[in-house]
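In what follows, a structure is listed as structure tokens, so that the remarks can point back to it.
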Amino acid sequence: MPVEISDLDAMQTLYKDAVEEWIAAIRLEERLASINHKLAEVDQWENADLAEEEARTRAKSAKETYEAALREKFFNF
């Protein structure tokens, strides 16, 4: 079944949204890196690291899906 441009548009949007979420997670982690050496803030920083990794994984997955569809559309593999 051929890949439709509307499908590519949707995959591109999902990828771009995932990247924006990843960027936001990185920025939050960066802000929390300036902690005041309080345990609660260290916990928040560690949790932000986990959230960043999850966002990265979602962005990478969306990219792989989008790239595979592009290869199918333009190169038939």
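Scheme for the structure tokens: letters A, B, ... for chains in order shown; per-chain residue numbers from 1; ligand numbers from 1 in order shown.
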
Mind checking which residues fall within 6 Å of stretch 16-20 of chain A, counting only C-alpha atoms, ignoring those fewer than 3 positions away in the same chain, and posting them as a PyMOL selection string?
chain A and resi 13+23+59

Exercise: A:Phe74 partners within 12 Å, only C-alpha atoms, chain neighbours under 5 positions left out, as number ranges by chain
A: 2-5, 8, 67-69

For the selection you just gave me, I'd like the residues written to a file as a short mmCIF file (atom, residue, chain, number, x, y, z; two decimals), in the first residue's frame, keeping N, CA and C atoms.
data_model
loop_
_atom_site.label_atom_id
_atom_site.label_comp_id
_atom_site.auth_asym_id
_atom_site.auth_seq_id
_atom_site.Cartn_x
_atom_site.Cartn_y
_atom_site.Cartn_z
N PRO A 2 0.70 2.14 -0.94
CA PRO A 2 1.55 3.31 -1.03
C PRO A 2 1.34 4.27 0.15
N VAL A 3 2.39 4.95 0.48
CA VAL A 3 2.33 5.94 1.56
C VAL A 3 1.78 7.23 0.99
N GLU A 4 0.74 7.73 1.60
CA GLU A 4 0.10 8.96 1.15
C GLU A 4 0.79 10.19 1.78
N ILE A 5 0.75 11.30 1.06
CA ILE A 5 1.34 12.54 1.58
C ILE A 5 0.67 12.93 2.90
N LEU A 8 2.35 11.08 5.57
CA LEU A 8 3.67 11.66 5.85
C LEU A 8 3.54 12.94 6.66
N GLU A 67 10.99 8.35 9.03
CA GLU A 67 12.03 8.02 8.05
C GLU A 67 11.69 6.77 7.25
N ALA A 68 11.14 5.76 7.92
CA ALA A 68 10.76 4.53 7.21
C ALA A 68 9.68 4.81 6.18
N ALA A 69 8.73 5.65 6.54
CA ALA A 69 7.67 6.00 5.59
C ALA A 69 8.22 6.79 4.41
#

Suppose you want the space between atom CA of A:Asn47 and atom CA of A:Ala62; what is it in Å?
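Atom-to-atom, atom CA of A:Asn47 and atom CA of A:Ala62 are spaced 22.8 Å apart.
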
Length of the atom CA of A:Ala25 to atom CA of A:Glu54 vector [Å]
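It comes out at 9.2 Å.
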
Give the answer as one residue: which of A:Leu70, A:Asn76, A:Thr65, A:Ala48 has the shortest atom-to-atom distance to A:Ile26, using only C-alpha atoms?
A:Ala48

If we count only C-alpha atoms and set the cut-off at 9 Å, which residues sit around A:Leu28, ignoring sequence neighbours fewer than 6 positions away in its own chain? Please answer as a PyMOL selection string.
chain A and resi 45+48-49+52

With distances taken over only C-alpha atoms, which residue among A:Glu29, A:Glu72, A:Glu21, A:Asp7 lies nearest A:Leu50?
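The shortest atom-to-atom distance to A:Leu50 comes from A:Glu29.
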
Atom-to-atom span, atom CA of A:Gln44 and atom CA of A:Leu32, Å
7.2 Å

DSSP alpha helix (DSSP H) selection over chain A, as an mmCIF file with N, CA, C and O atoms, in the first residue's frame:
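Contents of the output file part.cif:
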data_model
loop_
_atom_site.group_PDB
_atom_site.id
_atom_site.type_symbol
_atom_site.label_atom_id
_atom_site.label_comp_id
_atom_site.auth_asym_id
_atom_site.auth_seq_id
_atom_site.Cartn_x
_atom_site.Cartn_y
_atom_site.Cartn_z
ATOM 1 N N ILE A 5 0.752 11.299 1.064
ATOM 2 C CA ILE A 5 1.338 12.539 1.581
ATOM 3 C C ILE A 5 0.669 12.933 2.899
ATOM 4 O O ILE A 5 1.346 13.393 3.831
ATOM 5 N N SER A 6 -0.617 12.726 3.015
ATOM 6 C CA SER A 6 -1.302 13.072 4.273
ATOM 7 C C SER A 6 -0.763 12.235 5.437
ATOM 8 O O SER A 6 -0.662 12.729 6.570
ATOM 9 N N ASP A 7 -0.404 10.974 5.157
ATOM 10 C CA ASP A 7 0.205 10.137 6.196
ATOM 11 C C ASP A 7 1.578 10.673 6.580
ATOM 12 O O ASP A 7 1.933 10.709 7.764
ATOM 13 N N LEU A 8 2.350 11.084 5.573
ATOM 14 C CA LEU A 8 3.672 11.660 5.847
ATOM 15 C C LEU A 8 3.536 12.940 6.658
ATOM 16 O O LEU A 8 4.304 13.178 7.591
ATOM 17 N N ASP A 9 2.553 13.757 6.306
ATOM 18 C CA ASP A 9 2.322 15.001 7.062
ATOM 19 C C ASP A 9 2.018 14.696 8.522
ATOM 20 O O ASP A 9 2.549 15.353 9.426
ATOM 21 N N ALA A 10 1.184 13.695 8.752
ATOM 22 C CA ALA A 10 0.830 13.334 10.131
ATOM 23 C C ALA A 10 2.047 12.811 10.885
ATOM 24 O O ALA A 10 2.262 13.173 12.052
ATOM 25 N N MET A 11 2.845 11.972 10.226
ATOM 26 C CA MET A 11 4.055 11.436 10.876
ATOM 27 C C MET A 11 5.060 12.545 11.158
ATOM 28 O O MET A 11 5.709 12.550 12.214
ATOM 29 N N GLN A 12 5.181 13.485 10.230
ATOM 30 C CA GLN A 12 6.092 14.607 10.434
ATOM 31 C C GLN A 12 5.640 15.444 11.631
ATOM 32 O O GLN A 12 6.451 15.854 12.465
ATOM 33 N N THR A 13 4.345 15.670 11.732
ATOM 34 C CA THR A 13 3.807 16.438 12.855
ATOM 35 C C THR A 13 4.062 15.723 14.183
ATOM 36 O O THR A 13 4.478 16.357 15.161
ATOM 37 N N LEU A 14 3.820 14.421 14.208
ATOM 38 C CA LEU A 14 4.089 13.651 15.428
ATOM 39 C C LEU A 14 5.562 13.742 15.815
ATOM 40 O O LEU A 14 5.898 13.903 16.996
ATOM 41 N N TYR A 15 6.438 13.645 14.815
ATOM 42 C CA TYR A 15 7.876 13.735 15.079
ATOM 43 C C TYR A 15 8.235 15.117 15.625
ATOM 44 O O TYR A 15 8.924 15.232 16.642
ATOM 45 N N LYS A 16 7.761 16.158 14.961
ATOM 46 C CA LYS A 16 8.086 17.516 15.401
ATOM 47 C C LYS A 16 7.555 17.778 16.813
ATOM 48 O O LYS A 16 8.244 18.394 17.636
ATOM 49 N N ASP A 17 6.348 17.306 17.101
ATOM 50 C CA ASP A 17 5.784 17.475 18.445
ATOM 51 C C ASP A 17 6.615 16.730 19.485
ATOM 52 O O ASP A 17 6.862 17.251 20.586
ATOM 53 N N ALA A 18 7.062 15.528 19.136
ATOM 54 C CA ALA A 18 7.892 14.746 20.060
ATOM 55 C C ALA A 18 9.221 15.449 20.325
ATOM 56 O O ALA A 18 9.712 15.468 21.457
ATOM 57 N N VAL A 19 9.797 16.054 19.289
ATOM 58 C CA VAL A 19 11.053 16.784 19.462
ATOM 59 C C VAL A 19 10.833 17.998 20.370
ATOM 60 O O VAL A 19 11.664 18.285 21.246
ATOM 61 N N GLU A 20 9.724 18.690 20.187
ATOM 62 C CA GLU A 20 9.431 19.847 21.041
ATOM 63 C C GLU A 20 9.264 19.426 22.498
ATOM 64 O O GLU A 20 9.728 20.119 23.410
ATOM 65 N N GLU A 21 8.621 18.278 22.731
ATOM 66 C CA GLU A 21 8.494 17.758 24.100
ATOM 67 C C GLU A 21 9.860 17.413 24.668
ATOM 68 O O GLU A 21 10.133 17.644 25.857
ATOM 69 N N TRP A 22 10.725 16.849 23.839
ATOM 70 C CA TRP A 22 12.074 16.500 24.265
ATOM 71 C C TRP A 22 12.847 17.765 24.641
ATOM 72 O O TRP A 22 13.508 17.822 25.682
ATOM 73 N N ILE A 23 12.731 18.798 23.810
ATOM 74 C CA ILE A 23 13.414 20.068 24.092
ATOM 75 C C ILE A 23 12.927 20.639 25.421
ATOM 76 O O ILE A 23 13.737 21.100 26.244
ATOM 77 N N ALA A 24 11.626 20.602 25.638
ATOM 78 C CA ALA A 24 11.072 21.121 26.901
ATOM 79 C C ALA A 24 11.600 20.330 28.097
ATOM 80 O O ALA A 24 11.931 20.912 29.139
ATOM 81 N N ALA A 25 11.715 19.019 27.932
ATOM 82 C CA ALA A 25 12.243 18.182 29.020
ATOM 83 C C ALA A 25 13.705 18.507 29.293
ATOM 84 O O ALA A 25 14.130 18.552 30.458
ATOM 85 N N ILE A 26 14.467 18.753 28.249
ATOM 86 C CA ILE A 26 15.883 19.128 28.422
ATOM 87 C C ILE A 26 15.980 20.466 29.148
ATOM 88 O O ILE A 26 16.784 20.630 30.071
ATOM 89 N N ARG A 27 15.146 21.410 28.761
ATOM 90 C CA ARG A 27 15.184 22.736 29.395
ATOM 91 C C ARG A 27 14.795 22.664 30.867
ATOM 92 O O ARG A 27 15.386 23.359 31.704
ATOM 93 N N LEU A 28 13.810 21.821 31.190
ATOM 94 C CA LEU A 28 13.439 21.653 32.593
ATOM 95 C C LEU A 28 14.599 21.056 33.377
ATOM 96 O O LEU A 28 14.945 21.535 34.468
ATOM 97 N N GLU A 29 15.213 20.033 32.819
ATOM 98 C CA GLU A 29 16.360 19.415 33.497
ATOM 99 C C GLU A 29 17.482 20.434 33.682
ATOM 100 O O GLU A 29 18.112 20.497 34.739
ATOM 101 N N GLU A 30 17.696 21.259 32.678
ATOM 102 C CA GLU A 30 18.735 22.290 32.764
ATOM 103 C C GLU A 30 18.427 23.282 33.889
ATOM 104 O O GLU A 30 19.304 23.639 34.673
ATOM 105 N N ARG A 31 17.156 23.711 33.975
ATOM 106 C CA ARG A 31 16.782 24.641 35.057
ATOM 107 C C ARG A 31 16.989 24.006 36.424
ATOM 108 O O ARG A 31 17.447 24.652 37.365
ATOM 109 N N LEU A 32 16.657 22.732 36.534
ATOM 110 C CA LEU A 32 16.788 22.044 37.823
ATOM 111 C C LEU A 32 18.242 21.708 38.159
ATOM 112 O O LEU A 32 18.542 21.373 39.295
ATOM 113 N N LEU A 39 17.361 18.085 49.264
ATOM 114 C CA LEU A 39 17.006 16.740 48.826
ATOM 115 C C LEU A 39 15.812 16.742 47.870
ATOM 116 O O LEU A 39 15.833 16.062 46.841
ATOM 117 N N ALA A 40 14.786 17.526 48.176
ATOM 118 C CA ALA A 40 13.600 17.561 47.321
ATOM 119 C C ALA A 40 13.961 18.055 45.926
ATOM 120 O O ALA A 40 13.444 17.559 44.927
ATOM 121 N N GLU A 41 14.865 19.016 45.836
ATOM 122 C CA GLU A 41 15.264 19.541 44.535
ATOM 123 C C GLU A 41 16.138 18.548 43.772
ATOM 124 O O GLU A 41 16.054 18.450 42.553
ATOM 125 N N VAL A 42 16.957 17.807 44.485
ATOM 126 C CA VAL A 42 17.754 16.765 43.840
ATOM 127 C C VAL A 42 16.828 15.698 43.265
ATOM 128 O O VAL A 42 17.024 15.240 42.138
ATOM 129 N N ASP A 43 15.790 15.345 44.008
ATOM 130 C CA ASP A 43 14.809 14.373 43.515
ATOM 131 C C ASP A 43 14.110 14.886 42.259
ATOM 132 O O ASP A 43 13.900 14.134 41.308
ATOM 133 N N GLN A 44 13.746 16.152 42.248
ATOM 134 C CA GLN A 44 13.107 16.734 41.066
ATOM 135 C C GLN A 44 14.050 16.674 39.862
ATOM 136 O O GLN A 44 13.624 16.378 38.746
ATOM 137 N N TRP A 45 15.298 16.966 40.087
ATOM 138 C CA TRP A 45 16.309 16.940 39.024
ATOM 139 C C TRP A 45 16.457 15.523 38.475
ATOM 140 O O TRP A 45 16.493 15.322 37.259
ATOM 141 N N GLU A 46 16.522 14.548 39.364
ATOM 142 C CA GLU A 46 16.631 13.152 38.921
ATOM 143 C C GLU A 46 15.389 12.726 38.141
ATOM 144 O O GLU A 46 15.483 12.040 37.124
ATOM 145 N N ASN A 47 14.212 13.134 38.608
ATOM 146 C CA ASN A 47 12.975 12.813 37.888
ATOM 147 C C ASN A 47 12.941 13.491 36.520
ATOM 148 O O ASN A 47 12.444 12.914 35.548
ATOM 149 N N ALA A 48 13.466 14.698 36.445
ATOM 150 C CA ALA A 48 13.532 15.402 35.168
ATOM 151 C C ALA A 48 14.444 14.662 34.192
ATOM 152 O O ALA A 48 14.169 14.620 32.986
ATOM 153 N N ASP A 49 15.496 14.060 34.703
ATOM 154 C CA ASP A 49 16.385 13.278 33.854
ATOM 155 C C ASP A 49 15.645 12.080 33.266
ATOM 156 O O ASP A 49 15.771 11.780 32.073
ATOM 157 N N LEU A 50 14.849 11.415 34.082
ATOM 158 C CA LEU A 50 14.068 10.275 33.597
ATOM 159 C C LEU A 50 13.047 10.723 32.547
ATOM 160 O O LEU A 50 12.867 10.057 31.516
ATOM 161 N N ALA A 51 12.390 11.847 32.796
ATOM 162 C CA ALA A 51 11.410 12.368 31.847
ATOM 163 C C ALA A 51 12.087 12.758 30.535
ATOM 164 O O ALA A 51 11.525 12.529 29.451
ATOM 165 N N GLU A 52 13.285 13.302 30.624
ATOM 166 C CA GLU A 52 14.026 13.678 29.406
ATOM 167 C C GLU A 52 14.352 12.441 28.594
ATOM 168 O O GLU A 52 14.212 12.438 27.363
ATOM 169 N N GLU A 53 14.775 11.392 29.256
ATOM 170 C CA GLU A 53 15.120 10.150 28.552
ATOM 171 C C GLU A 53 13.885 9.549 27.886
ATOM 172 O O GLU A 53 13.962 9.073 26.742
ATOM 173 N N GLU A 54 12.750 9.585 28.554
ATOM 174 C CA GLU A 54 11.510 9.082 27.966
ATOM 175 C C GLU A 54 11.103 9.922 26.758
ATOM 176 O O GLU A 54 10.674 9.378 25.730
ATOM 177 N N ALA A 55 11.235 11.236 26.857
ATOM 178 C CA ALA A 55 10.905 12.118 25.738
ATOM 179 C C ALA A 55 11.843 11.868 24.560
ATOM 180 O O ALA A 55 11.416 11.857 23.404
ATOM 181 N N ARG A 56 13.110 11.638 24.866
ATOM 182 C CA ARG A 56 14.089 11.327 23.810
ATOM 183 C C ARG A 56 13.705 10.043 23.087
ATOM 184 O O ARG A 56 13.741 9.967 21.859
ATOM 185 N N THR A 57 13.318 9.043 23.852
ATOM 186 C CA THR A 57 12.927 7.765 23.270
ATOM 187 C C THR A 57 11.720 7.937 22.351
ATOM 188 O O THR A 57 11.688 7.380 21.247
ATOM 189 N N ARG A 58 10.730 8.729 22.793
ATOM 190 C CA ARG A 58 9.552 8.969 21.950
ATOM 191 C C ARG A 58 9.934 9.711 20.670
ATOM 192 O O ARG A 58 9.443 9.373 19.582
ATOM 193 N N ALA A 59 10.817 10.688 20.777
ATOM 194 C CA ALA A 59 11.242 11.447 19.592
ATOM 195 C C ALA A 59 11.998 10.559 18.619
ATOM 196 O O ALA A 59 11.769 10.607 17.402
ATOM 197 N N LYS A 60 12.885 9.727 19.131
ATOM 198 C CA LYS A 60 13.651 8.816 18.268
ATOM 199 C C LYS A 60 12.726 7.816 17.585
ATOM 200 O O LYS A 60 12.897 7.500 16.404
ATOM 201 N N SER A 61 11.743 7.321 18.296
ATOM 202 C CA SER A 61 10.794 6.375 17.721
ATOM 203 C C SER A 61 9.970 7.035 16.614
ATOM 204 O O SER A 61 9.765 6.453 15.544
ATOM 205 N N ALA A 62 9.493 8.258 16.869
ATOM 206 C CA ALA A 62 8.720 8.981 15.865
ATOM 207 C C ALA A 62 9.571 9.264 14.634
ATOM 208 O O ALA A 62 9.095 9.175 13.498
ATOM 209 N N LYS A 63 10.844 9.563 14.854
ATOM 210 C CA LYS A 63 11.757 9.817 13.732
ATOM 211 C C LYS A 63 11.933 8.547 12.895
ATOM 212 O O LYS A 63 11.879 8.605 11.659
ATOM 213 N N GLU A 64 12.131 7.432 13.540
ATOM 214 C CA GLU A 64 12.307 6.166 12.813
ATOM 215 C C GLU A 64 11.073 5.836 11.985
ATOM 216 O O GLU A 64 11.197 5.407 10.830
ATOM 217 N N THR A 65 9.901 6.048 12.550
ATOM 218 C CA THR A 65 8.658 5.777 11.834
ATOM 219 C C THR A 65 8.534 6.686 10.612
ATOM 220 O O THR A 65 8.211 6.232 9.511
ATOM 221 N N TYR A 66 8.804 7.956 10.801
ATOM 222 C CA TYR A 66 8.723 8.937 9.719
ATOM 223 C C TYR A 66 9.753 8.627 8.632
ATOM 224 O O TYR A 66 9.434 8.622 7.437
ATOM 225 N N GLU A 67 10.988 8.348 9.030
ATOM 226 C CA GLU A 67 12.031 8.021 8.050
ATOM 227 C C GLU A 67 11.688 6.771 7.253
ATOM 228 O O GLU A 67 11.912 6.722 6.039
ATOM 229 N N ALA A 68 11.141 5.760 7.915
ATOM 230 C CA ALA A 68 10.762 4.527 7.213
ATOM 231 C C ALA A 68 9.682 4.810 6.182
ATOM 232 O O ALA A 68 9.720 4.284 5.060
ATOM 233 N N ALA A 69 8.731 5.646 6.536
ATOM 234 C CA ALA A 69 7.666 5.999 5.593
ATOM 235 C C ALA A 69 8.224 6.792 4.413
ATOM 236 O O ALA A 69 7.798 6.598 3.269
ATOM 237 N N LEU A 70 9.169 7.682 4.672
ATOM 238 C CA LEU A 70 9.803 8.434 3.579
ATOM 239 C C LEU A 70 10.548 7.499 2.631
ATOM 240 O O LEU A 70 10.457 7.635 1.402
ATOM 241 N N ARG A 71 11.271 6.534 3.204
ATOM 242 C CA ARG A 71 11.987 5.567 2.359
ATOM 243 C C ARG A 71 11.006 4.762 1.514
ATOM 244 O O ARG A 71 11.240 4.528 0.324
ATOM 245 N N GLU A 72 9.902 4.366 2.119
ATOM 246 C CA GLU A 72 8.884 3.609 1.385
ATOM 247 C C GLU A 72 8.302 4.456 0.257
ATOM 248 O O GLU A 72 8.142 3.988 -0.870
ATOM 249 N N LYS A 73 7.983 5.716 0.564
ATOM 250 C CA LYS A 73 7.362 6.595 -0.420
ATOM 251 C C LYS A 73 8.290 6.874 -1.603
ATOM 252 O O LYS A 73 7.888 6.793 -2.760
ATOM 253 N N PHE A 74 9.541 7.199 -1.316
ATOM 254 C CA PHE A 74 10.425 7.686 -2.371
ATOM 255 C C PHE A 74 11.357 6.634 -2.961
ATOM 256 O O PHE A 74 11.845 6.792 -4.070
ATOM 257 N N PHE A 75 11.614 5.560 -2.197
ATOM 258 C CA PHE A 75 12.571 4.565 -2.674
ATOM 259 C C PHE A 75 11.997 3.151 -2.723
ATOM 260 O O PHE A 75 12.678 2.210 -3.089
#
